[in-house]
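coords_1.cif, holding mmCIF, C-alpha atoms:
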data_start
#
loop_
_atom_site.label_atom_id
_atom_site.label_comp_id
_atom_site.auth_asym_id
_atom_site.auth_seq_id
_atom_site.Cartn_x
_atom_site.Cartn_y
_atom_site.Cartn_z
CA MET A 370 103.04 70.35 94.36
CA ILE A 371 99.66 70.78 92.71
CA PRO A 372 97.61 69.47 95.67
CA LYS A 373 99.66 71.75 97.92
CA ALA A 374 98.94 74.69 95.63
CA LEU A 375 95.25 73.90 95.62
CA ALA A 376 95.24 73.54 99.40
CA GLY A 377 96.91 76.95 99.56
CA THR A 378 94.20 78.36 97.30
CA LEU A 379 91.44 76.99 99.48
CA LEU A 380 93.12 78.40 102.57
CA ALA A 381 93.52 81.77 100.86
CA LEU A 382 89.85 81.75 99.91
CA LEU A 383 88.87 80.94 103.47
CA LEU A 384 91.08 83.70 104.81
CA ALA A 385 89.95 86.26 102.26
CA GLY A 386 88.29 89.42 103.44
CA PRO A 387 88.87 91.54 106.47
CA LEU A 388 90.22 90.01 109.61
CA GLN A 389 88.12 89.97 112.70
CA ALA A 390 88.06 93.31 114.40
CA GLN A 391 91.03 93.57 116.70
CA GLU A 392 90.89 95.77 119.71
CA ILE A 393 93.79 98.18 119.52
CA SER A 394 95.71 97.75 122.74
CA GLN A 395 96.17 100.68 125.08
CA GLU A 396 99.92 100.27 124.70
CA ALA A 397 99.64 100.62 120.92
CA ARG A 398 97.37 103.66 121.32
CA GLY A 399 99.94 105.11 123.69
CA ARG A 400 102.64 104.68 121.07
CA CYS A 401 100.56 106.16 118.30
CA TRP A 402 102.16 108.91 116.29
CA GLY A 403 99.58 111.62 115.73
CA SER A 404 97.62 114.26 117.53
CA ASN A 405 94.76 111.93 118.43
CA PRO A 406 95.56 108.58 120.11
CA ASN A 407 91.89 107.66 119.67
CA ALA A 408 91.90 108.42 115.93
CA PRO A 409 89.24 106.55 113.95
CA VAL A 410 91.88 104.87 111.76
CA VAL A 411 94.99 103.15 113.11
CA ILE A 412 97.91 102.09 110.94
CA GLU A 413 100.26 99.59 112.59
CA VAL A 414 103.47 98.94 110.70
CA PHE A 415 105.88 96.04 111.34
CA SER A 416 109.13 97.21 109.85
CA ASP A 417 112.83 96.39 109.62
CA PHE A 418 115.29 99.28 109.18
CA SER A 419 117.48 97.26 106.78
CA CYS A 420 114.65 96.33 104.44
CA PRO A 421 114.50 98.45 101.25
CA HIS A 422 110.72 98.15 100.90
CA CYS A 423 110.28 99.34 104.50
CA ARG A 424 112.38 102.35 103.54
CA THR A 425 110.18 103.08 100.52
CA LEU A 426 107.00 102.63 102.52
CA TYR A 427 108.18 104.93 105.29
CA LEU A 428 109.79 107.69 103.24
CA GLU A 429 107.35 107.81 100.34
CA THR A 430 104.05 106.85 101.94
CA ILE A 431 103.80 106.74 105.73
CA ARG A 432 105.70 110.00 106.20
CA ALA A 433 103.17 111.79 103.95
CA ALA A 434 100.26 110.04 105.68
CA MET A 435 101.61 111.25 109.04
CA ALA A 436 101.62 114.84 107.83
CA ASP A 437 98.22 114.76 106.10
CA TYR A 438 96.25 112.43 108.36
CA ALA A 439 98.04 111.89 111.70
CA VAL A 440 98.71 115.56 112.44
CA PRO A 441 95.02 116.51 111.99
CA GLY A 442 94.05 113.53 114.19
CA LYS A 443 92.27 111.42 111.56
CA VAL A 444 94.78 108.57 111.70
CA CYS A 445 97.36 107.43 114.18
CA VAL A 446 100.43 105.45 113.22
CA VAL A 447 102.17 102.84 115.36
CA TYR A 448 105.58 101.52 114.35
CA TYR A 449 106.65 98.11 115.63
CA GLU A 450 110.26 96.99 115.45
CA PHE A 451 110.51 93.77 113.47
CA PRO A 452 114.24 93.22 112.83
CA LEU A 453 114.64 90.15 110.64
CA ARG A 454 117.32 87.68 111.65
CA GLY A 455 119.08 87.66 108.29
CA ASN A 456 119.77 91.40 108.40
CA ARG A 457 122.95 91.93 110.37
CA TYR A 458 122.48 95.45 111.73
CA SER A 459 118.70 95.59 111.91
CA ARG A 460 118.49 94.93 115.62
CA GLN A 461 121.06 97.60 116.34
CA ALA A 462 119.09 100.13 114.30
CA ALA A 463 115.89 99.08 116.05
CA ARG A 464 117.59 99.78 119.40
CA TRP A 465 118.45 103.33 118.35
CA ALA A 466 114.93 103.96 117.09
CA HIS A 467 113.29 102.52 120.17
CA ALA A 468 115.58 104.41 122.52
CA ALA A 469 114.73 107.63 120.64
CA ILE A 470 111.07 107.31 121.65
CA ARG A 471 112.11 108.77 125.00
CA LEU A 472 113.20 111.96 123.24
CA GLY A 473 109.61 112.69 122.23
CA PRO A 474 107.67 112.10 119.02
CA GLN A 475 109.26 114.82 116.86
CA LYS A 476 112.83 113.78 117.63
CA TRP A 477 111.98 110.10 117.38
CA LEU A 478 110.66 110.85 113.89
CA ARG A 479 113.92 112.54 112.94
CA VAL A 480 115.85 109.47 114.10
CA MET A 481 113.54 107.26 112.02
CA ASP A 482 114.04 109.56 109.00
CA THR A 483 117.81 109.38 109.37
CA LEU A 484 117.92 105.61 109.80
CA PHE A 485 115.86 105.07 106.66
CA ARG A 486 117.47 107.84 104.56
CA PHE A 487 120.98 106.58 105.27
CA GLN A 488 120.09 102.90 105.16
CA GLY A 489 122.54 102.33 102.30
CA ARG A 490 125.44 103.56 104.44
CA TRP A 491 125.02 101.95 107.84
CA THR A 492 123.83 98.58 106.51
CA ARG A 493 127.35 98.17 105.05
CA ASP A 494 129.31 98.54 108.27
CA GLY A 495 126.84 98.95 111.14
CA GLN A 496 128.18 102.44 111.95
CA ILE A 497 124.88 103.98 113.00
CA GLU A 498 126.01 106.28 115.78
CA PRO A 499 128.34 108.52 113.70
CA ILE A 500 125.60 109.01 111.10
CA LEU A 501 123.01 109.97 113.70
CA ALA A 502 125.46 112.26 115.49
CA SER A 503 126.39 114.13 112.33
CA VAL A 504 123.01 114.27 110.59
CA LEU A 505 121.06 115.19 113.72
CA SER A 506 123.59 117.64 115.15
CA ASP A 507 121.15 120.53 114.58
CA VAL A 508 118.22 118.61 116.12
CA LEU A 509 119.76 116.86 119.12
CA SER A 510 121.90 118.63 121.66
CA GLU A 511 125.11 116.98 122.79
CA GLU A 512 123.39 116.09 126.05
CA GLU A 513 120.47 114.45 124.24
CA MET A 514 122.85 112.50 122.03
CA ASN A 515 124.70 111.29 125.13
CA ARG A 516 121.44 110.23 126.76
CA LEU A 517 120.49 108.39 123.59
CA ARG A 518 123.83 106.57 123.66
CA GLN A 519 123.04 105.41 127.20
CA TRP A 520 119.46 104.40 126.44
CA VAL A 521 120.55 102.26 123.49
CA LYS A 522 122.45 100.07 125.97
CA ASP A 523 119.47 99.81 128.32
CA PRO A 524 118.31 96.16 128.48
CA ARG A 525 114.70 97.37 128.60
CA VAL A 526 115.06 98.47 124.98
CA ASP A 527 115.81 94.88 123.97
CA VAL A 528 112.87 93.67 126.03
CA ALA A 529 110.60 96.14 124.18
CA ILE A 530 111.94 95.00 120.79
CA ASP A 531 111.33 91.38 121.76
CA ARG A 532 107.80 92.33 122.73
CA ASP A 533 107.26 93.90 119.29
CA LEU A 534 108.65 90.78 117.64
CA ALA A 535 106.32 88.59 119.70
CA GLU A 536 103.38 90.82 118.76
CA GLY A 537 104.29 90.42 115.09
CA ARG A 538 104.61 86.65 115.36
CA GLN A 539 101.28 86.47 117.12
CA ARG A 540 99.78 88.28 114.13
CA ASN A 541 101.57 85.95 111.74
CA VAL A 542 103.90 88.61 110.38
CA GLN A 543 106.52 86.85 108.26
CA ARG A 544 107.72 89.58 105.92
CA THR A 545 108.45 93.24 106.13
CA PRO A 546 106.87 95.62 105.71
CA THR A 547 103.57 94.22 106.92
CA PHE A 548 100.98 96.70 108.06
CA PHE A 549 97.49 96.59 109.45
CA ILE A 550 94.85 99.25 109.01
CA SER A 551 92.03 99.20 111.54
CA ALA A 552 88.87 101.23 111.12
CA ASN A 553 85.14 100.82 111.55
CA GLY A 554 85.61 97.61 113.57
CA GLU A 555 87.62 95.85 110.86
CA THR A 556 91.33 95.22 110.43
CA GLU A 557 92.93 94.67 107.03
CA ARG A 558 96.41 93.27 106.51
CA PHE A 559 98.85 94.46 103.84
CA VAL A 560 102.27 93.24 102.82
CA GLY A 561 104.67 95.43 100.83
CA SER A 562 104.92 99.05 99.96
CA VAL A 563 102.06 101.07 98.46
CA GLN A 564 101.98 104.39 96.66
CA TYR A 565 100.83 107.32 98.75
CA GLY A 566 98.15 108.35 96.26
CA ILE A 567 96.57 104.92 96.57
CA LEU A 568 96.80 104.83 100.37
CA ARG A 569 95.18 108.27 100.43
CA ARG A 570 92.19 107.00 98.43
CA TYR A 571 91.91 103.99 100.76
CA LEU A 572 92.04 106.15 103.91
CA ASN A 573 89.57 108.70 102.50
CA ASN A 574 87.15 105.87 101.75
CA LEU A 575 87.51 104.50 105.31
CA LEU A 576 86.99 107.94 106.84
CA ALA A 577 83.97 108.62 104.62
CA ARG A 578 82.33 105.36 105.70
CA ARG A 579 82.39 106.27 109.40
CA MET B 564 85.45 61.18 75.71
CA LEU B 565 88.11 61.88 78.39
CA VAL B 566 89.16 65.04 76.57
CA ARG B 567 85.57 66.18 76.45
CA VAL B 568 85.09 65.60 80.20
CA LEU B 569 88.35 67.41 80.96
CA GLN B 570 87.29 70.24 78.71
CA TRP B 571 84.01 70.65 80.60
CA ILE B 572 85.76 70.54 83.97
CA CYS B 573 88.38 73.11 82.91
CA ARG B 574 85.87 75.42 81.26
CA LEU B 575 83.39 75.43 84.14
CA GLY B 576 86.18 75.50 86.73
CA LEU B 577 87.94 78.45 85.15
CA GLY B 578 84.64 80.22 84.58
CA ALA B 579 83.71 79.88 88.25
CA ILE B 580 87.17 81.00 89.35
CA PHE B 581 87.03 84.11 87.19
CA LEU B 582 83.52 84.95 88.36
CA TYR B 583 84.57 84.60 92.00
CA ALA B 584 87.83 86.54 91.56
CA GLY B 585 86.08 89.42 89.78
CA PHE B 586 83.23 89.52 92.27
CA VAL B 587 85.55 89.74 95.30
CA LYS B 588 87.60 92.54 93.72
CA ALA B 589 84.60 94.53 92.50
CA GLY B 590 83.19 94.43 96.04
CA ASN B 591 86.26 96.13 97.54
CA ARG B 592 87.81 98.27 94.86
CA PHE B 593 89.95 100.44 97.15
CA ARG B 594 91.43 97.37 98.79
CA PHE B 595 92.21 95.93 95.35
CA GLU B 596 93.98 99.18 94.43
CA MET B 597 96.18 98.75 97.52
CA ASP B 598 97.09 95.21 96.46
CA LEU B 599 97.87 96.30 92.89
CA SER B 600 99.98 99.15 94.22
CA THR B 601 102.31 96.73 95.99
CA TYR B 602 103.51 95.44 92.59
CA GLN B 603 105.20 98.82 92.07
CA LEU B 604 104.62 98.58 88.34
CA LEU B 605 102.03 101.22 87.53
CA PRO B 606 101.61 104.90 88.35
CA ASP B 607 98.63 105.90 90.51
CA TRP B 608 96.30 106.47 87.54
CA GLY B 609 97.27 103.07 86.08
CA VAL B 610 96.53 101.30 89.36
CA ILE B 611 93.15 103.06 89.60
CA ALA B 612 92.26 102.23 85.96
CA VAL B 613 93.23 98.55 86.25
CA ALA B 614 91.41 98.18 89.59
CA ALA B 615 88.28 99.66 88.01
CA ALA B 616 88.32 97.53 84.84
CA LEU B 617 89.84 94.16 85.73
CA PRO B 618 87.13 92.84 88.07
CA TRP B 619 84.43 93.41 85.42
CA LEU B 620 86.59 91.88 82.71
CA GLU B 621 87.13 88.81 84.91
CA MET B 622 83.43 88.45 85.65
CA ALA B 623 82.52 88.82 81.97
CA LEU B 624 85.17 86.28 81.01
CA GLY B 625 83.90 83.87 83.68
CA ALA B 626 80.34 84.16 82.41
CA VAL B 627 81.35 83.66 78.77
CA LEU B 628 83.50 80.65 79.68
CA ILE B 629 80.59 79.02 81.51
CA LEU B 630 78.24 79.73 78.61
CA GLY B 631 80.74 78.26 76.15
CA TRP B 632 80.33 81.10 73.65
CA LYS B 633 83.00 81.67 70.92
CA GLN B 634 85.28 79.20 72.64
CA ARG B 635 88.26 79.57 70.33
CA TYR B 636 88.65 83.27 70.98
CA VAL B 637 87.52 83.29 74.60
CA THR B 638 89.84 80.46 75.69
CA THR B 639 92.76 81.99 73.78
CA PHE B 640 92.13 85.34 75.44
CA THR B 641 91.87 83.60 78.83
CA ALA B 642 95.21 81.85 78.29
CA LEU B 643 96.85 85.13 77.26
CA LEU B 644 95.40 86.95 80.27
CA LEU B 645 96.55 84.24 82.70
CA GLY B 646 99.95 84.20 80.97
CA ALA B 647 100.21 87.96 81.51
CA PHE B 648 99.24 87.57 85.19
CA MET B 649 101.89 84.89 85.61
CA ALA B 650 104.55 87.00 83.92
CA VAL B 651 103.80 90.03 86.11
CA MET B 652 103.74 87.93 89.28
CA GLY B 653 106.88 86.02 88.32
CA ILE B 654 108.83 89.19 87.50
CA THR B 655 107.68 90.86 90.73
CA TYR B 656 108.68 87.82 92.77
CA ALA B 657 112.04 87.55 90.99
CA ARG B 658 112.73 91.24 91.68
CA GLY B 659 112.33 90.49 95.37
CA ILE B 660 109.39 92.85 95.75
CA GLU B 661 107.08 92.07 98.61
CA ALA B 662 103.73 92.27 96.86
CA GLN B 663 100.26 90.96 97.40
CA CYS B 664 98.82 88.65 94.79
CA GLY B 665 95.40 90.34 94.64
CA CYS B 666 94.15 87.17 92.97
CA PHE B 667 91.31 85.87 95.15
CA GLY B 668 90.53 87.92 98.17
CA PHE B 669 93.17 90.04 99.77
CA GLY B 670 96.24 89.90 101.96
CA GLU B 671 97.86 86.96 100.17
CA PRO B 672 101.53 87.64 99.33
CA ILE B 673 103.04 86.38 96.06
CA SER B 674 104.83 83.13 96.81
CA PRO B 675 105.78 79.87 95.08
CA THR B 676 102.33 78.61 96.10
CA THR B 677 100.47 81.41 94.32
CA LEU B 678 102.72 80.99 91.26
CA ALA B 679 102.11 77.20 91.21
CA ARG B 680 98.36 77.73 91.56
CA ASP B 681 98.26 80.22 88.69
CA SER B 682 100.38 77.89 86.56
CA VAL B 683 97.68 75.24 86.97
CA PHE B 684 95.02 77.72 85.82
CA PHE B 685 97.21 78.81 82.91
CA LEU B 686 97.69 75.19 81.81
CA MET B 687 93.94 74.63 82.03
CA ALA B 688 93.37 77.63 79.75
CA VAL B 689 96.06 76.52 77.29
CA PHE B 690 94.47 73.07 77.17
CA LEU B 691 91.04 74.60 76.48
CA ALA B 692 92.43 76.84 73.73
CA GLY B 693 94.34 73.92 72.19
CA VAL B 694 91.24 71.70 72.10
CA ALA B 695 89.08 74.51 70.73
CA TRP B 696 91.48 75.26 67.87
CA ARG B 697 92.08 71.58 66.98
CA ARG B 698 88.41 70.79 66.74
CA ARG B 699 87.10 70.98 63.23
CA PRO B 700 84.63 73.77 62.63
CA ALA B 701 81.08 72.67 61.91
CA PRO B 702 80.68 71.97 58.19
CA GLU B 703 79.02 74.71 56.28
CA ALA B 704 75.68 73.95 54.70
CA ALA B 705 76.08 72.64 51.16
CA PRO B 706 75.19 75.22 48.55
CA GLY B 707 71.82 74.64 46.98
CA PRO B 708 71.48 73.38 43.42
#
Would you encode the structure as structure tokens?
Amino acid sequence: MIPKALAGTLLALLLAGPLQAQEISQEARGRCWGSNPNAPVVIEVFSDFSCPHCRTLYLETIRAAMADYAVPGKVCVVYYEFPLRGNRYSRQAARWAHAAIRLGPQKWLRVMDTLFRFQGRWTRDGQIEPILASVLSDVLSEEEMNRLRQWVKDPRVDVAIDRDLAEGRQRNVQRTPTFFISANGETERFVGSVQYGILRRYLNNLLARR
Amino acid sequence: MLVRVLQWICRLGLGAIFLYAGFVKAGNRFRFEMDLSTYQLLPDWGVIAVAAALPWLEMALGAVLILGWKQRYVTTFTALLLGAFMAVMGITYARGIEAQCGCFGFGEPISPTTLARDSVFFLMAVFLAGVAWRRRPAPEAAPGP
């Protein structure tokens, strides 16, 4: 156990510091939430809708960062679906969220909000559709809701989720939430949820160093 | 003799570890704040205060350990500090919170490996404190006639 722990320490020391600069793919830039797809800072989040820490990160931190940094074009945010196998309804929720991208960024955001806000309800029985239909009745027309119901069944949605999962595995994502912040040619990796006040200081420092 | 060799190894080893850990954190304070924040234990001002103070405390402790100054108190303080780190990490891990260790460098999640590694450091510090307190203090000079 001890030699293993020491080996782990050495590995951690070797891996310490920022990762090599990763070129943000055009696809990721295209999926960016924010007014500027070429924003100087990119936050990429690998998230599972059933995970409580992903909920906290999204509702208490990323949502505020979107309003304060992504809307003015300083940061863009990319969400990757990373449904963990142990969570029964995660994949289903990821399908709804991914299908909602086709409704446009504002409505996609409302679907994300609803999935995270009502996580405690649908993770019990997997009844996502009734929650979305009732909560978003003032946002989505009946026609849009029907289209969303069709898109959720589209096999291309599953292909896209699998692509996100593969992207996460390639980046050695093992837990959720894991997020990467790229700026000034460097990418840093974070695991877990952070307070918005602290993220704000981190982002301000990155933007000031440009 | 063996105890003395072990004592030197533990003291210099821990000193170097603390110097390194403090140096890495002091060099990237905002990143360290992010790691501390993942513990979900402190409010914003607490995270900022700890991130500002801890790296310098660690570097000072590392230097004093290497110099071997006031060993009884310094090794006891080191053991208490490592014990506190272990308690915080252990509680965070037991609560199922995904947090980053923030121990050496960044981006390392708390795991059984990080807990085992810190246990080794804690035992080294306890050993040093135990040896320091068991050793007899140098005899005082005999009073003059």
A:Met481, A:Cys423, A:Val440, A:Leu472 ranked by distance to chain B, top pick (using all atoms listed in the file):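 The answer is A:Cys423, which sits nearest to chain B.
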Exercise answer, chain B residues close to chain A, 12 Å and all atoms listed in the file, as a PyMOL selection string: chain B and resi 580+583-584+587-588+590-612+614+655-656+658-684+686
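Between atom CA of Asn553 of chain A and atom CA of Arg579 of chain A there is a distance of 6.5 Å.
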Between atom CA of Leu505 of chain A and atom CA of Arg490 of chain A - distance in Å to one decimal: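 These two atoms are separated by 15.5 Å.
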Test item: the PyMOL selection byres ((chain B and resi 619) around 10) resolved as a PyMOL selection string: chain B and resi 581-582+584-586+588-589+614-618+620-625
Distance in Å - atom CA of Gly399 of chain A versus atom CA of Asn456 of chain A: 28.5 Å
Reference answer for the PyMOL selection byres ((chain A and resi 454) around 12), as a list in words: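 Against this file, the PyMOL selection byres ((chain A and resi 454) around 12) returns the residues Asp417, Ser419, Cys420, Phe451, Pro452, Leu453, Gly455, Asn456, Arg457, Tyr458, Ser459, Arg460, Gln461, Leu534, Gln543, Arg544 and Thr545 of chain A.
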Matched chain/residue IDs from the PyMOL selection byres ((chain A and resi 407) around 8), as a list of chain:residue names: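 This file, filtered by the PyMOL selection byres ((chain A and resi 407) around 8), leaves A:Arg398, A:Asn405, A:Pro406, A:Ala408, A:Pro409, A:Cys445.
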Nearest residue to Ala463 of chain A from the set A:Asn515, A:Ser510, A:Ser416, A:Asn541 (distances using all atoms listed in the file): A:Ser416
9 Å contact set for Cys573 of chain B, only C-alpha atoms, chain neighbours under 3 positions out, as a list in words: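 Residues meeting the cut-off are Val568, Leu569, Gln570, Gly576, Leu577, Gly578, Phe684, Met687, Ala688, Phe690 and Leu691 of chain B.
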Residues near Ile550 of chain A, cut-off 9 Å, all atoms listed in the file, skip fewer than 3 positions along chain, as a list in words: Val410, Val411, Ile412, Glu413, Val414, Glu555, Thr556, Glu557, Arg558 and Phe559 of chain A
Got a minute to add N, CA, C and O atoms to segment 437-457 of chain A and dump it as a compact mmCIF listing (two decimals), in the coordinates of the input?
# COMPACT_ATOMS: atom_id res chain seq x y z
N ASP A 437 99.57 114.41 106.58
CA ASP A 437 98.22 114.76 106.10
C ASP A 437 97.09 114.19 106.96
O ASP A 437 95.99 114.73 106.96
N TYR A 438 97.34 113.08 107.63
CA TYR A 438 96.25 112.43 108.36
C TYR A 438 96.51 112.33 109.87
O TYR A 438 95.57 112.42 110.65
N ALA A 439 97.77 112.08 110.27
CA ALA A 439 98.04 111.89 111.70
C ALA A 439 98.09 113.23 112.43
O ALA A 439 97.58 113.34 113.54
N VAL A 440 98.65 114.24 111.78
CA VAL A 440 98.71 115.56 112.44
C VAL A 440 97.31 116.11 112.68
O VAL A 440 97.00 116.56 113.78
N PRO A 441 96.39 116.03 111.71
CA PRO A 441 95.02 116.51 111.99
C PRO A 441 94.19 115.57 112.88
O PRO A 441 93.03 115.87 113.15
N GLY A 442 94.75 114.42 113.27
CA GLY A 442 94.05 113.53 114.19
C GLY A 442 93.09 112.55 113.55
O GLY A 442 92.30 111.91 114.23
N LYS A 443 93.17 112.38 112.22
CA LYS A 443 92.27 111.42 111.56
C LYS A 443 92.81 109.99 111.65
O LYS A 443 92.05 109.03 111.59
N VAL A 444 94.12 109.89 111.73
CA VAL A 444 94.78 108.57 111.70
C VAL A 444 95.87 108.61 112.76
O VAL A 444 96.45 109.66 113.03
N CYS A 445 96.13 107.47 113.39
CA CYS A 445 97.36 107.43 114.18
C CYS A 445 98.20 106.24 113.72
O CYS A 445 97.66 105.24 113.25
N VAL A 446 99.49 106.42 113.79
CA VAL A 446 100.43 105.45 113.22
C VAL A 446 101.28 104.85 114.34
O VAL A 446 101.86 105.58 115.15
N VAL A 447 101.33 103.53 114.37
CA VAL A 447 102.17 102.84 115.36
C VAL A 447 103.25 102.06 114.60
O VAL A 447 102.92 101.31 113.67
N TYR A 448 104.48 102.29 114.97
CA TYR A 448 105.58 101.52 114.35
C TYR A 448 106.07 100.45 115.32
O TYR A 448 106.36 100.74 116.47
N TYR A 449 106.11 99.21 114.84
CA TYR A 449 106.65 98.11 115.63
C TYR A 449 108.01 97.72 115.04
O TYR A 449 108.15 97.64 113.81
N GLU A 450 108.95 97.46 115.92
CA GLU A 450 110.26 96.99 115.45
C GLU A 450 110.14 95.52 115.09
O GLU A 450 109.68 94.72 115.91
N PHE A 451 110.55 95.18 113.87
CA PHE A 451 110.51 93.77 113.47
C PHE A 451 111.81 93.43 112.75
O PHE A 451 111.81 93.13 111.55
N PRO A 452 112.95 93.50 113.49
CA PRO A 452 114.24 93.22 112.83
C PRO A 452 114.34 91.74 112.41
O PRO A 452 114.20 90.86 113.25
N LEU A 453 114.55 91.54 111.13
CA LEU A 453 114.64 90.15 110.64
C LEU A 453 116.03 89.60 110.94
O LEU A 453 117.02 90.32 110.90
N ARG A 454 116.06 88.29 111.21
CA ARG A 454 117.32 87.68 111.65
C ARG A 454 118.43 87.77 110.61
O ARG A 454 119.58 87.92 110.95
N GLY A 455 118.06 87.68 109.35
CA GLY A 455 119.08 87.66 108.29
C GLY A 455 119.78 89.00 108.10
O GLY A 455 120.84 89.06 107.47
N ASN A 456 119.19 90.07 108.60
CA ASN A 456 119.77 91.40 108.40
C ASN A 456 120.65 91.76 109.60
O ASN A 456 120.17 91.97 110.70
N ARG A 457 121.94 91.88 109.31
CA ARG A 457 122.95 91.93 110.37
C ARG A 457 122.79 93.09 111.36
O ARG A 457 122.95 92.90 112.56
